[in-house]
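Asker: My file is target_22.cif. It has mmCIF, C-alpha atoms:
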```cif
data_run
#
loop_
_atom_site.group_PDB
_atom_site.id
_atom_site.type_symbol
_atom_site.label_atom_id
_atom_site.label_comp_id
_atom_site.auth_asym_id
_atom_site.auth_seq_id
_atom_site.Cartn_x
_atom_site.Cartn_y
_atom_site.Cartn_z
ATOM 1 C CA MET A 1 0.000 0.000 0.000
ATOM 2 C CA ALA A 2 1.299 3.465 -0.947
ATOM 3 C CA LYS A 3 2.415 5.535 1.986
ATOM 4 C CA LYS A 4 0.331 8.688 2.500
ATOM 5 C CA VAL A 5 2.470 11.781 2.162
ATOM 6 C CA LYS A 6 1.452 15.108 3.697
ATOM 7 C CA THR A 7 4.648 17.169 3.674
ATOM 8 C CA ILE A 8 7.501 16.997 1.212
ATOM 9 C CA GLY A 9 10.945 18.522 1.201
ATOM 10 C CA VAL A 10 12.976 19.612 -1.797
ATOM 11 C CA LEU A 11 16.748 19.975 -2.003
ATOM 12 C CA THR A 12 19.470 20.493 -4.582
ATOM 13 C CA SER A 13 22.690 18.544 -4.222
ATOM 14 C CA GLY A 14 26.103 18.378 -5.888
ATOM 15 C CA GLY A 15 27.047 20.765 -8.673
ATOM 16 C CA ASP A 16 24.580 23.513 -9.510
ATOM 17 C CA ALA A 17 22.944 23.608 -12.936
ATOM 18 C CA PRO A 18 20.851 26.223 -14.761
ATOM 19 C CA GLY A 19 17.215 25.147 -14.554
ATOM 20 C CA MET A 20 17.351 23.904 -10.972
ATOM 21 C CA ASN A 21 15.236 26.882 -9.909
ATOM 22 C CA ALA A 22 12.617 25.997 -12.509
ATOM 23 C CA ALA A 23 12.501 22.463 -11.077
ATOM 24 C CA ILE A 24 12.192 23.781 -7.489
ATOM 25 C CA ARG A 25 9.350 26.071 -8.580
ATOM 26 C CA ALA A 26 7.521 23.185 -10.247
ATOM 27 C CA VAL A 27 7.940 20.905 -7.213
ATOM 28 C CA VAL A 28 6.570 23.527 -4.838
ATOM 29 C CA ARG A 29 3.605 24.614 -6.906
ATOM 30 C CA THR A 30 2.618 21.099 -7.986
ATOM 31 C CA ALA A 31 2.791 19.827 -4.415
ATOM 32 C CA ILE A 32 0.621 22.709 -3.193
ATOM 33 C CA HIS A 33 -1.852 21.975 -5.994
ATOM 34 C CA GLU A 34 -2.037 18.396 -4.687
ATOM 35 C CA GLY A 35 -2.749 19.597 -1.149
ATOM 36 C CA LEU A 36 0.723 18.943 0.257
ATOM 37 C CA LYS A 37 2.895 21.145 2.434
ATOM 38 C CA VAL A 38 6.396 21.910 1.187
ATOM 39 C CA LYS A 39 9.655 22.581 3.004
ATOM 40 C CA GLY A 40 12.858 23.760 1.384
ATOM 41 C CA ILE A 41 16.048 22.095 2.569
ATOM 42 C CA MET A 42 19.021 24.413 2.216
ATOM 43 C CA ARG A 43 22.488 23.318 1.030
ATOM 44 C CA GLY A 44 21.592 19.761 0.092
ATOM 45 C CA TYR A 45 22.188 16.867 2.459
ATOM 46 C CA ALA A 46 24.576 19.023 4.496
ATOM 47 C CA GLY A 47 21.720 21.431 5.217
ATOM 48 C CA LEU A 48 19.429 18.536 6.073
ATOM 49 C CA LEU A 49 21.850 17.335 8.732
ATOM 50 C CA GLN A 50 22.126 20.891 10.063
ATOM 51 C CA GLU A 51 18.308 21.238 10.033
ATOM 52 C CA GLU A 52 18.406 24.209 7.663
ATOM 53 C CA ILE A 53 14.767 23.731 6.730
ATOM 54 C CA VAL A 54 12.272 26.439 5.754
ATOM 55 C CA ASP A 55 8.570 26.464 4.905
ATOM 56 C CA MET A 56 7.778 27.208 1.267
ATOM 57 C CA ASP A 57 4.657 28.442 -0.499
ATOM 58 C CA SER A 58 3.830 29.649 -4.009
ATOM 59 C CA THR A 59 5.349 33.060 -3.411
ATOM 60 C CA SER A 60 8.596 31.464 -2.237
ATOM 61 C CA VAL A 61 9.258 30.463 -5.832
ATOM 62 C CA SER A 62 7.997 33.580 -7.590
ATOM 63 C CA ASP A 63 10.358 35.255 -10.042
ATOM 64 C CA ILE A 64 12.984 32.493 -10.013
ATOM 65 C CA ILE A 65 12.374 30.499 -13.193
ATOM 66 C CA HIS A 66 14.749 32.696 -15.200
ATOM 67 C CA ARG A 67 17.553 32.658 -12.637
ATOM 68 C CA GLY A 68 20.613 30.442 -12.820
ATOM 69 C CA GLY A 69 21.970 28.499 -9.852
ATOM 70 C CA THR A 70 19.654 27.348 -7.073
ATOM 71 C CA ILE A 71 17.818 29.435 -4.474
ATOM 72 C CA LEU A 72 18.192 26.503 -2.060
ATOM 73 C CA TYR A 73 21.979 26.533 -2.475
ATOM 74 C CA THR A 74 23.909 23.320 -2.801
ATOM 75 C CA ALA A 75 26.798 21.461 -1.213
ATOM 76 C CA ARG A 76 28.450 18.091 -1.093
ATOM 77 C CA CYS A 77 28.248 16.219 2.200
ATOM 78 C CA GLN A 78 30.713 13.491 3.145
ATOM 79 C CA GLU A 79 28.855 12.789 6.400
ATOM 80 C CA PHE A 80 25.744 11.761 4.490
ATOM 81 C CA THR A 81 27.655 8.964 2.761
ATOM 82 C CA THR A 82 27.876 7.164 6.128
ATOM 83 C CA PRO A 83 25.100 5.018 7.661
ATOM 84 C CA GLU A 84 25.145 7.270 10.720
ATOM 85 C CA GLY A 85 24.626 10.373 8.595
ATOM 86 C CA GLN A 86 21.810 8.732 6.665
ATOM 87 C CA GLU A 87 20.060 7.607 9.856
ATOM 88 C CA LEU A 88 20.366 11.141 11.223
ATOM 89 C CA GLY A 89 18.935 12.558 7.997
ATOM 90 C CA ALA A 90 15.893 10.283 8.178
ATOM 91 C CA GLU A 91 15.413 11.144 11.847
ATOM 92 C CA ILE A 92 15.506 14.875 11.071
ATOM 93 C CA CYS A 93 12.957 14.395 8.292
ATOM 94 C CA ARG A 94 10.602 12.714 10.744
ATOM 95 C CA LYS A 95 11.244 15.430 13.325
ATOM 96 C CA HIS A 96 10.128 18.081 10.822
ATOM 97 C CA GLY A 97 7.199 16.043 9.550
ATOM 98 C CA ILE A 98 8.758 15.486 6.129
ATOM 99 C CA ASP A 99 7.306 12.331 4.584
ATOM 100 C CA GLY A 100 9.033 12.609 1.221
ATOM 101 C CA ILE A 101 11.865 14.456 -0.506
ATOM 102 C CA VAL A 102 12.559 15.516 -4.079
ATOM 103 C CA VAL A 103 16.311 15.401 -4.660
ATOM 104 C CA ILE A 104 17.582 17.412 -7.633
ATOM 105 C CA GLY A 105 21.114 16.406 -8.595
ATOM 106 C CA GLY A 106 23.243 13.642 -10.073
ATOM 107 C CA ASP A 107 24.133 10.026 -9.377
ATOM 108 C CA GLY A 108 25.689 10.767 -5.976
ATOM 109 C CA SER A 109 22.526 12.572 -4.949
ATOM 110 C CA TYR A 110 20.481 9.586 -6.089
ATOM 111 C CA ARG A 111 22.496 7.242 -3.903
ATOM 112 C CA GLY A 112 21.632 9.392 -0.902
ATOM 113 C CA ALA A 113 17.982 9.421 -1.942
ATOM 114 C CA GLY A 114 17.961 5.640 -2.146
ATOM 115 C CA LYS A 115 19.337 5.395 1.397
ATOM 116 C CA LEU A 116 16.621 7.727 2.711
ATOM 117 C CA SER A 117 13.982 5.665 0.941
ATOM 118 C CA ALA A 118 15.268 2.502 2.616
ATOM 119 C CA LEU A 119 14.887 4.318 5.956
ATOM 120 C CA GLY A 120 11.233 5.102 5.335
ATOM 121 C CA ILE A 121 11.370 8.558 3.746
ATOM 122 C CA ASN A 122 9.738 8.582 0.314
ATOM 123 C CA THR A 123 12.215 9.922 -2.237
ATOM 124 C CA VAL A 124 12.208 10.897 -5.911
ATOM 125 C CA GLY A 125 15.248 12.060 -7.856
ATOM 126 C CA VAL A 126 15.340 14.642 -10.633
ATOM 127 C CA PRO A 127 18.406 14.749 -12.955
ATOM 128 C CA GLY A 128 20.246 18.048 -12.539
ATOM 129 C CA THR A 129 23.767 18.237 -13.958
ATOM 130 C CA ILE A 130 25.362 20.129 -16.837
ATOM 131 C CA ASP A 131 27.454 17.084 -17.817
ATOM 132 C CA LEU A 132 24.598 14.991 -19.325
ATOM 133 C CA ASP A 133 26.249 11.981 -17.671
ATOM 134 C CA ILE A 134 23.308 10.341 -15.843
ATOM 135 C CA ALA A 135 22.865 7.019 -17.598
ATOM 136 C CA CYS A 136 19.132 6.560 -17.055
ATOM 137 C CA THR A 137 18.092 9.726 -18.894
ATOM 138 C CA ASP A 138 18.657 11.190 -22.340
ATOM 139 C CA TYR A 139 18.562 14.700 -20.897
ATOM 140 C CA THR A 140 19.732 16.382 -17.722
ATOM 141 C CA ILE A 141 18.721 19.810 -16.448
ATOM 142 C CA GLY A 142 21.382 22.409 -17.186
ATOM 143 C CA PHE A 143 23.094 20.776 -20.150
ATOM 144 C CA ASP A 144 21.446 22.906 -22.817
ATOM 145 C CA THR A 145 22.328 26.165 -21.079
ATOM 146 C CA ALA A 146 25.890 25.075 -20.345
ATOM 147 C CA VAL A 147 26.607 23.928 -23.879
ATOM 148 C CA ASN A 148 25.146 27.127 -25.338
ATOM 149 C CA THR A 149 27.238 29.221 -22.940
ATOM 150 C CA ALA A 150 30.358 27.340 -24.002
ATOM 151 C CA MET A 151 29.456 27.558 -27.682
ATOM 152 C CA GLU A 152 29.056 31.341 -27.544
ATOM 153 C CA ALA A 153 32.358 31.747 -25.698
ATOM 154 C CA ILE A 154 34.179 29.544 -28.213
ATOM 155 C CA ASP A 155 32.772 31.591 -31.100
ATOM 156 C CA LYS A 156 34.368 34.667 -29.533
ATOM 157 C CA VAL A 157 37.708 32.921 -29.056
ATOM 158 C CA ARG A 158 37.581 31.802 -32.686
ATOM 159 C CA ASP A 159 37.271 35.418 -33.817
ATOM 160 C CA THR A 160 40.488 36.463 -32.117
ATOM 161 C CA SER A 161 42.208 33.186 -32.969
ATOM 162 C CA THR A 162 41.473 33.790 -36.644
ATOM 163 C CA SER A 163 42.697 37.391 -36.452
ATOM 164 C CA HIS A 164 46.036 36.285 -35.016
ATOM 165 C CA GLU A 165 46.271 33.055 -37.058
ATOM 166 C CA ARG A 166 46.615 31.096 -33.827
ATOM 167 C CA CYS A 167 45.861 27.654 -32.564
ATOM 168 C CA SER A 168 43.450 27.850 -29.612
ATOM 169 C CA ILE A 169 42.848 25.123 -27.058
ATOM 170 C CA ILE A 170 39.554 25.729 -25.284
ATOM 171 C CA GLU A 171 38.825 23.640 -22.206
ATOM 172 C CA VAL A 172 35.187 22.961 -21.367
ATOM 173 C CA MET A 173 33.695 21.248 -18.331
ATOM 174 C CA GLY A 174 33.294 17.490 -18.119
ATOM 175 C CA ARG A 175 35.567 15.496 -15.838
ATOM 176 C CA ARG A 176 34.330 12.054 -16.791
ATOM 177 C CA ALA A 177 31.925 12.865 -19.617
ATOM 178 C CA GLY A 178 32.685 14.556 -22.915
ATOM 179 C CA TYR A 179 29.192 15.583 -23.989
ATOM 180 C CA ILE A 180 29.802 19.332 -23.705
ATOM 181 C CA ALA A 181 33.076 18.952 -25.629
ATOM 182 C CA LEU A 182 31.449 16.811 -28.315
ATOM 183 C CA TRP A 183 28.500 19.142 -28.831
ATOM 184 C CA CYS A 184 30.728 22.218 -28.915
ATOM 185 C CA GLY A 185 33.020 20.433 -31.334
ATOM 186 C CA PHE A 186 30.080 20.056 -33.702
ATOM 187 C CA ALA A 187 28.555 23.479 -33.062
ATOM 188 C CA ASN A 188 31.811 25.447 -33.249
ATOM 189 C CA GLY A 189 33.383 23.588 -36.136
ATOM 190 C CA ALA A 190 36.425 22.522 -34.142
ATOM 191 C CA GLU A 191 39.455 20.962 -35.769
ATOM 192 C CA GLU A 192 40.007 18.631 -32.797
ATOM 193 C CA ILE A 193 37.661 17.290 -30.091
ATOM 194 C CA LEU A 194 39.312 15.621 -27.104
ATOM 195 C CA LEU A 195 36.950 13.484 -25.032
ATOM 196 C CA PRO A 196 37.729 11.607 -21.790
ATOM 197 C CA GLU A 197 35.932 8.571 -23.210
ATOM 198 C CA ARG A 198 37.981 8.443 -26.427
ATOM 199 C CA TYR A 199 41.255 10.397 -26.258
ATOM 200 C CA ASP A 200 44.250 8.084 -26.612
ATOM 201 C CA GLY A 201 46.871 10.622 -25.545
ATOM 202 C CA ASP A 202 48.469 10.801 -28.995
ATOM 203 C CA GLU A 203 49.488 14.457 -28.963
ATOM 204 C CA GLN A 204 51.835 13.965 -31.886
ATOM 205 C CA ALA A 205 48.890 13.101 -34.115
ATOM 206 C CA ILE A 206 47.267 16.430 -33.165
ATOM 207 C CA ILE A 207 50.495 18.277 -33.951
ATOM 208 C CA ASN A 208 50.758 16.544 -37.329
ATOM 209 C CA ARG A 209 47.214 17.556 -38.257
ATOM 210 C CA ILE A 210 47.844 21.177 -37.249
ATOM 211 C CA ILE A 211 50.935 21.275 -39.471
ATOM 212 C CA GLU A 212 49.044 19.669 -42.342
ATOM 213 C CA ASN A 213 46.148 22.110 -41.920
ATOM 214 C CA ARG A 214 48.559 25.051 -42.092
ATOM 215 C CA LYS A 215 50.179 23.661 -45.240
ATOM 216 C CA ARG A 216 46.824 23.534 -47.002
ATOM 217 C CA GLY A 217 46.060 27.111 -46.084
ATOM 218 C CA LYS A 218 44.119 26.885 -42.832
ATOM 219 C CA LYS A 219 44.871 30.013 -40.802
ATOM 220 C CA HIS A 220 43.714 28.868 -37.361
ATOM 221 C CA ASN A 221 42.909 25.733 -35.365
ATOM 222 C CA ILE A 222 40.334 25.255 -32.616
ATOM 223 C CA ILE A 223 40.863 22.350 -30.218
ATOM 224 C CA ILE A 224 38.021 21.585 -27.793
ATOM 225 C CA ASN A 225 39.472 19.870 -24.738
ATOM 226 C CA ALA A 226 37.340 18.300 -22.025
ATOM 227 C CA GLU A 227 38.155 19.051 -18.393
ATOM 228 C CA GLY A 228 38.756 15.358 -17.748
ATOM 229 C CA ILE A 229 41.794 15.478 -20.025
ATOM 230 C CA GLY A 230 42.912 18.903 -18.848
ATOM 231 C CA HIS A 231 46.515 20.197 -19.011
ATOM 232 C CA SER A 232 45.415 22.711 -21.664
ATOM 233 C CA ALA A 233 48.114 25.271 -20.845
ATOM 234 C CA SER A 234 50.985 22.789 -21.010
ATOM 235 C CA MET A 235 49.493 21.225 -24.127
ATOM 236 C CA ALA A 236 49.449 24.672 -25.743
ATOM 237 C CA ARG A 237 53.131 25.191 -24.916
ATOM 238 C CA ARG A 238 54.074 21.842 -26.422
ATOM 239 C CA ILE A 239 52.064 22.427 -29.583
ATOM 240 C CA GLU A 240 53.595 25.887 -30.079
ATOM 241 C CA ALA A 241 57.093 24.498 -29.584
ATOM 242 C CA ALA A 242 56.482 21.678 -32.056
ATOM 243 C CA THR A 243 54.691 23.677 -34.765
ATOM 244 C CA GLY A 244 56.015 27.207 -34.409
ATOM 245 C CA ILE A 245 52.391 28.382 -34.437
ATOM 246 C CA GLU A 246 51.292 30.708 -31.641
ATOM 247 C CA THR A 247 49.029 28.633 -29.396
ATOM 248 C CA ARG A 248 46.864 29.810 -26.514
ATOM 249 C CA ALA A 249 44.772 27.961 -23.923
ATOM 250 C CA THR A 250 41.442 29.242 -22.625
ATOM 251 C CA ILE A 251 39.708 27.489 -19.717
ATOM 252 C CA LEU A 252 36.031 28.392 -19.639
ATOM 253 C CA GLY A 253 35.495 26.941 -16.172
ATOM 254 C CA HIS A 254 32.510 27.668 -13.965
ATOM 255 C CA MET A 255 30.964 30.269 -16.254
ATOM 256 C CA GLN A 256 29.333 27.216 -17.875
ATOM 257 C CA ARG A 257 27.365 26.535 -14.684
ATOM 258 C CA GLY A 258 25.847 29.998 -14.500
ATOM 259 C CA GLY A 259 23.501 32.173 -16.474
ATOM 260 C CA SER A 260 19.809 32.334 -17.199
ATOM 261 C CA PRO A 261 18.572 28.894 -18.298
ATOM 262 C CA THR A 262 17.490 28.348 -21.883
ATOM 263 C CA CYS A 263 13.864 27.712 -22.790
ATOM 264 C CA LYS A 264 14.614 23.993 -23.079
ATOM 265 C CA ASP A 265 16.105 23.810 -19.594
ATOM 266 C CA ARG A 266 13.181 25.739 -18.101
ATOM 267 C CA VAL A 267 10.561 23.538 -19.747
ATOM 268 C CA TYR A 268 12.241 20.178 -19.096
ATOM 269 C CA ALA A 269 13.018 21.148 -15.499
ATOM 270 C CA SER A 270 9.428 22.262 -14.912
ATOM 271 C CA ILE A 271 7.960 19.027 -16.238
ATOM 272 C CA MET A 272 10.440 16.837 -14.361
ATOM 273 C CA GLY A 273 9.921 18.739 -11.106
ATOM 274 C CA ALA A 274 6.148 18.519 -11.426
ATOM 275 C CA LYS A 275 6.280 14.787 -12.143
ATOM 276 C CA ALA A 276 8.497 14.228 -9.101
ATOM 277 C CA ALA A 277 5.989 15.990 -6.842
ATOM 278 C CA LEU A 278 3.121 13.998 -8.374
ATOM 279 C CA LEU A 279 4.957 10.729 -7.712
ATOM 280 C CA LEU A 280 5.317 11.646 -4.047
ATOM 281 C CA ALA A 281 1.664 12.693 -3.893
ATOM 282 C CA GLU A 282 0.798 9.198 -5.148
ATOM 283 C CA GLY A 283 2.868 7.674 -2.350
ATOM 284 C CA LYS A 284 5.651 6.478 -4.643
ATOM 285 C CA SER A 285 9.241 6.224 -3.422
ATOM 286 C CA ASN A 286 12.728 5.267 -4.555
ATOM 287 C CA ARG A 287 12.074 6.625 -8.041
ATOM 288 C CA VAL A 288 13.983 8.764 -10.535
ATOM 289 C CA VAL A 289 12.311 10.962 -13.123
ATOM 290 C CA ALA A 290 13.952 10.574 -16.528
ATOM 291 C CA TYR A 291 13.528 11.599 -20.142
ATOM 292 C CA ARG A 292 13.897 8.569 -22.413
ATOM 293 C CA ASN A 293 13.036 8.156 -26.079
ATOM 294 C CA GLY A 294 10.977 11.335 -26.113
ATOM 295 C CA GLN A 295 8.941 10.495 -23.006
ATOM 296 C CA TYR A 296 9.078 11.475 -19.343
ATOM 297 C CA VAL A 297 9.223 8.286 -17.297
ATOM 298 C CA ASP A 298 10.181 7.157 -13.791
ATOM 299 C CA LEU A 299 12.548 4.358 -12.832
ATOM 300 C CA ASP A 300 13.680 2.589 -9.679
ATOM 301 C CA ILE A 301 16.693 4.419 -8.233
ATOM 302 C CA GLN A 302 18.873 1.321 -8.040
ATOM 303 C CA GLU A 303 17.926 0.326 -11.568
ATOM 304 C CA ALA A 304 18.907 3.822 -12.704
ATOM 305 C CA LEU A 305 22.241 3.696 -10.862
ATOM 306 C CA ASN A 306 23.072 0.322 -12.412
ATOM 307 C CA MET A 307 22.785 1.724 -15.943
ATOM 308 C CA THR A 308 25.861 2.806 -17.903
ATOM 309 C CA LYS A 309 26.270 5.481 -20.543
ATOM 310 C CA ASP A 310 28.830 6.271 -23.197
ATOM 311 C CA ILE A 311 29.318 8.789 -25.991
ATOM 312 C CA PRO A 312 27.181 7.581 -28.949
ATOM 313 C CA GLU A 313 29.631 5.952 -31.331
ATOM 314 C CA ASP A 314 27.854 7.204 -34.456
ATOM 315 C CA GLN A 315 28.054 10.803 -33.229
ATOM 316 C CA TYR A 316 31.738 10.409 -32.410
ATOM 317 C CA GLU A 317 32.476 8.955 -35.845
ATOM 318 C CA ILE A 318 30.600 11.767 -37.570
ATOM 319 C CA SER A 319 32.544 14.337 -35.538
ATOM 320 C CA LYS A 320 35.794 12.844 -36.856
ATOM 321 C CA MET A 321 34.534 13.099 -40.435
ATOM 322 C CA LEU A 322 33.843 16.798 -40.018
ATOM 323 C CA ILE A 323 37.163 17.915 -38.476
ATOM 324 C CA ARG A 324 39.041 18.463 -41.681
#
```
Would you put the structure from the file into structure tokens?

Answerer:
Amino acid sequence: MAKKVKTIGVLTSGGDAPGMNAAIRAVVRTAIHEGLKVKGIMRGYAGLLQEEIVDMDSTSVSDIIHRGGTILYTARCQEFTTPEGQELGAEICRKHGIDGIVVIGGDGSYRGAGKLSALGINTVGVPGTIDLDIACTDYTIGFDTAVNTAMEAIDKVRDTSTSHERCSIIEVMGRRAGYIALWCGFANGAEEILLPERYDGDEQAIINRIIENRKRGKKHNIIINAEGIGHSASMARRIEAATGIETRATILGHMQRGGSPTCKDRVYASIMGAKAALLLAEGKSNRVVAYRNGQYVDLDIQEALNMTKDIPEDQYEISKMLIR
């Protein structure tokens, strides 16, 4: 029998992502529509353990859908990875009358949600990460904004790189996943795309292609380098020494996390947040909202965590065809 839920909490955990505020807004307003009370949990699981919990109503989420970041703030919490921290978190939920929680974040956040569910607190996860690296879903909140931010910045670097006839290495975010790098490689017409999932470390091959490009009249080179490969500055020095071509590194960094979310991020986040609140209203628990094959669905958290994801091979092969 589904557990009756009267009060839900909502938190954001891990790295922030544009669109998280849209998801928070949808959770709050959908829950209120379903007759539930809502509490905001500040600073993720760390805030839960510190009892940083506030009441929320419709006006609490007014005028936030267009804002980047998260009004609930976010943090990572080592204590919550321990059984003692998880037990304390469940106890605090009960103390504040919280029957269920919507957790907006990535795989690490989902693991915490699964532990709370096992301790009797209904939980639903919503995928929020700019890296697009959650295996159970084709889309994650924040990716579209982040990749557009990076694309626009790379366009600007290309302008100056062309003017100076340089080679430019531009490092985008993605420690273990190269989706931002791959998409920017397509969108910006890069001459090289270095992905954590595929790069073999053959720097000499990159140098050879730069030299060949210059021989056939190409005046500049754009190399998109994922954060997981890194070492952009030292790579630039080595390439300049080997080719004689002025080479500069630009690390875009955390600017990719910020900014007003795109229409896509606002809409997807709103629908996912609303569906998470509806699942809790139905008494469901241990679920993850996902976007798969053009549909919004929900999956068991453990099933979702057991899934794996890789760069689509056909997209990678096409990217190689286009970098000429």

Asker: Step by step, work through what the PyMOL selection byres ((chain A and resi 158-170) around 9) selects in the shown file, and finish by giving those residues as number ranges by chain.

Answerer: A: 153-157, 171-172, 188, 210, 218-226, 232-233, 235-236, 239-240, 245-252

Asker: Deliver the residues from the most recent selection as a file, using C-alpha atoms, as a PDB file, in the frame of the given file.

Answerer:
```
ATOM      1  CA  ALA A 153      32.358  31.747 -25.698  1.00  0.00           C
ATOM      2  CA  ILE A 154      34.179  29.544 -28.213  1.00  0.00           C
ATOM      3  CA  ASP A 155      32.772  31.591 -31.100  1.00  0.00           C
ATOM      4  CA  LYS A 156      34.368  34.667 -29.533  1.00  0.00           C
ATOM      5  CA  VAL A 157      37.708  32.921 -29.056  1.00  0.00           C
ATOM      6  CA  GLU A 171      38.825  23.640 -22.206  1.00  0.00           C
ATOM      7  CA  VAL A 172      35.187  22.961 -21.367  1.00  0.00           C
ATOM      8  CA  ASN A 188      31.811  25.447 -33.249  1.00  0.00           C
ATOM      9  CA  ILE A 210      47.844  21.177 -37.249  1.00  0.00           C
ATOM     10  CA  LYS A 218      44.119  26.885 -42.832  1.00  0.00           C
ATOM     11  CA  LYS A 219      44.871  30.013 -40.802  1.00  0.00           C
ATOM     12  CA  HIS A 220      43.714  28.868 -37.361  1.00  0.00           C
ATOM     13  CA  ASN A 221      42.909  25.733 -35.365  1.00  0.00           C
ATOM     14  CA  ILE A 222      40.334  25.255 -32.616  1.00  0.00           C
ATOM     15  CA  ILE A 223      40.863  22.350 -30.218  1.00  0.00           C
ATOM     16  CA  ILE A 224      38.021  21.585 -27.793  1.00  0.00           C
ATOM     17  CA  ASN A 225      39.472  19.870 -24.738  1.00  0.00           C
ATOM     18  CA  ALA A 226      37.340  18.300 -22.025  1.00  0.00           C
ATOM     19  CA  SER A 232      45.415  22.711 -21.664  1.00  0.00           C
ATOM     20  CA  ALA A 233      48.114  25.271 -20.845  1.00  0.00           C
ATOM     21  CA  MET A 235      49.493  21.225 -24.127  1.00  0.00           C
ATOM     22  CA  ALA A 236      49.449  24.672 -25.743  1.00  0.00           C
ATOM     23  CA  ILE A 239      52.064  22.427 -29.583  1.00  0.00           C
ATOM     24  CA  GLU A 240      53.595  25.887 -30.079  1.00  0.00           C
ATOM     25  CA  ILE A 245      52.391  28.382 -34.437  1.00  0.00           C
ATOM     26  CA  GLU A 246      51.292  30.708 -31.641  1.00  0.00           C
ATOM     27  CA  THR A 247      49.029  28.633 -29.396  1.00  0.00           C
ATOM     28  CA  ARG A 248      46.864  29.810 -26.514  1.00  0.00           C
ATOM     29  CA  ALA A 249      44.772  27.961 -23.923  1.00  0.00           C
ATOM     30  CA  THR A 250      41.442  29.242 -22.625  1.00  0.00           C
ATOM     31  CA  ILE A 251      39.708  27.489 -19.717  1.00  0.00           C
ATOM     32  CA  LEU A 252      36.031  28.392 -19.639  1.00  0.00           C
TER      33      LEU A 252
END
```

Asker: Which neighbours of region 114-116 of chain A fall inside 10 Å, counting all atoms listed in the file, when residues of the same chain fewer than 6 positions from it are skipped, and could you give them as a ChimeraX atom specification?

Answerer: /A:80-83,86-91,93,100-101,122-125,285-288,300-302,305

Asker: Just want the 9 Å neighbourhood of Met307 (chain A), counted on all atoms listed in the file, with same-chain residues fewer than 5 positions away dropped. Output as a PyMOL selection string.

Answerer: chain A and resi 134-136+302

Asker: Box in all listed atoms of region 136-139 of chain A, axis-aligned, with 6 Å more on each side; write out centre and edge lengths in Å to one decimal as lines of an AutoDock Vina configuration file.

Answerer:
```
center_x = 18.6
center_y = 10.6
center_z = -19.7
size_x = 13.0
size_y = 20.1
size_z = 17.3
```

Asker: Using all atoms listed in the file, pick whichever of A:Asp55, A:Asp107, A:Asp99, A:Glu79 has the shortest atom-to-atom distance to Lys284 (chain A).

Answerer: A:Asp99

Asker: If you measure from CA of Lys4 (chain A) to CA of Val102 (chain A), what distance in Å do you get, rounded to one decimal?

Answerer: 15.5 Å

Asker: May I ask for the distance between CA of Arg76 (chain A) and CA of Gly174 (chain A), given in Å to one decimal place?

Answerer: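 One can read the CA of Arg76 (chain A) to CA of Gly174 (chain A) distance as 17.7 Å.
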
Asker: I'd like a table as a tab-separated table: residues in region 192-289 of chain A with an atom no more than 6 Å from region 57-75 of chain A, each row giving the shortest atom pair and its distance in Å to one decimal, all atoms listed in the file counted, sorted by chain and rising residue number.

Answerer:
```
residue	atom	partner	partner_atom	distance
A:Gly258	CA	A:Gly68	CA	5.5
A:Gly259	CA	A:Gly68	CA	5.0
A:Ser260	CA	A:Gly68	CA	4.8
```

Asker: Now that the selection is made, can you save its residues with C-alpha atoms as a PDB file, in the coordinates of the input?

Answerer:
```
ATOM      1  CA  GLY A 258      25.847  29.998 -14.500  1.00  0.00           C
ATOM      2  CA  GLY A 259      23.501  32.173 -16.474  1.00  0.00           C
ATOM      3  CA  SER A 260      19.809  32.334 -17.199  1.00  0.00           C
TER       4      SER A 260
END
```

Asker: Take CA of Ile323 (chain A) and CA of Thr129 (chain A) and report the distance between them in Å, one decimal.

Answerer: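 CA of Thr129 (chain A) lies at a distance of 27.9 Å from CA of Ile323 (chain A).
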
Asker: Counting all atoms listed in the file, which of A:Asp144, A:Ala17, A:Gln78, A:Thr30 gets nearest to Cys263 (chain A)?

Answerer: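 Checking each candidate against Cys263 (chain A), we get A:Asp144 as the closest.
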
Asker: List the neighbours of Cys184 (chain A) out to 8 Å using all atoms listed in the file; skip same-chain residues closer than 2 positions along the sequence, and give me the result as a list in words.

Answerer: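 Close residues of Cys184 (chain A): Val147, Ala150, Met151, Ile180, Ala181, Leu182, Phe186, Ala187, Asn188, Gly189, Ala190 and Ile224 of chain A.
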
Asker: Restricted to C-alpha atoms, what would the selected residues look like written as an mmCIF file, in the frame of the given file?

Answerer:
```cif
data_model
loop_
_atom_site.group_PDB
_atom_site.id
_atom_site.type_symbol
_atom_site.label_atom_id
_atom_site.label_comp_id
_atom_site.auth_asym_id
_atom_site.auth_seq_id
_atom_site.Cartn_x
_atom_site.Cartn_y
_atom_site.Cartn_z
ATOM 1 C CA VAL A 147 26.607 23.928 -23.879
ATOM 2 C CA ALA A 150 30.358 27.340 -24.002
ATOM 3 C CA MET A 151 29.456 27.558 -27.682
ATOM 4 C CA ILE A 180 29.802 19.332 -23.705
ATOM 5 C CA ALA A 181 33.076 18.952 -25.629
ATOM 6 C CA LEU A 182 31.449 16.811 -28.315
ATOM 7 C CA PHE A 186 30.080 20.056 -33.702
ATOM 8 C CA ALA A 187 28.555 23.479 -33.062
ATOM 9 C CA ASN A 188 31.811 25.447 -33.249
ATOM 10 C CA GLY A 189 33.383 23.588 -36.136
ATOM 11 C CA ALA A 190 36.425 22.522 -34.142
ATOM 12 C CA ILE A 224 38.021 21.585 -27.793
#
```

Asker: Which is closer to Ile41 (chain A) than all the others in A:His96, A:Arg29, A:Arg216, A:Lys3, using all atoms listed in the file?

Answerer: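 Selected residue with least distance to Ile41 (chain A): A:His96.
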
Asker: Carefully work through the PyMOL selection byres ((chain A and resi 139) around 12) for this structure and note down the residues it includes, as JSON, numbers by chain.

Answerer: {"A": [106, 126, 127, 128, 129, 130, 131, 132, 133, 134, 135, 136, 137, 138, 140, 141, 142, 143, 144, 179, 264, 265, 267, 268, 269, 272, 289, 290, 291, 292, 293, 294, 295, 296, 297]}
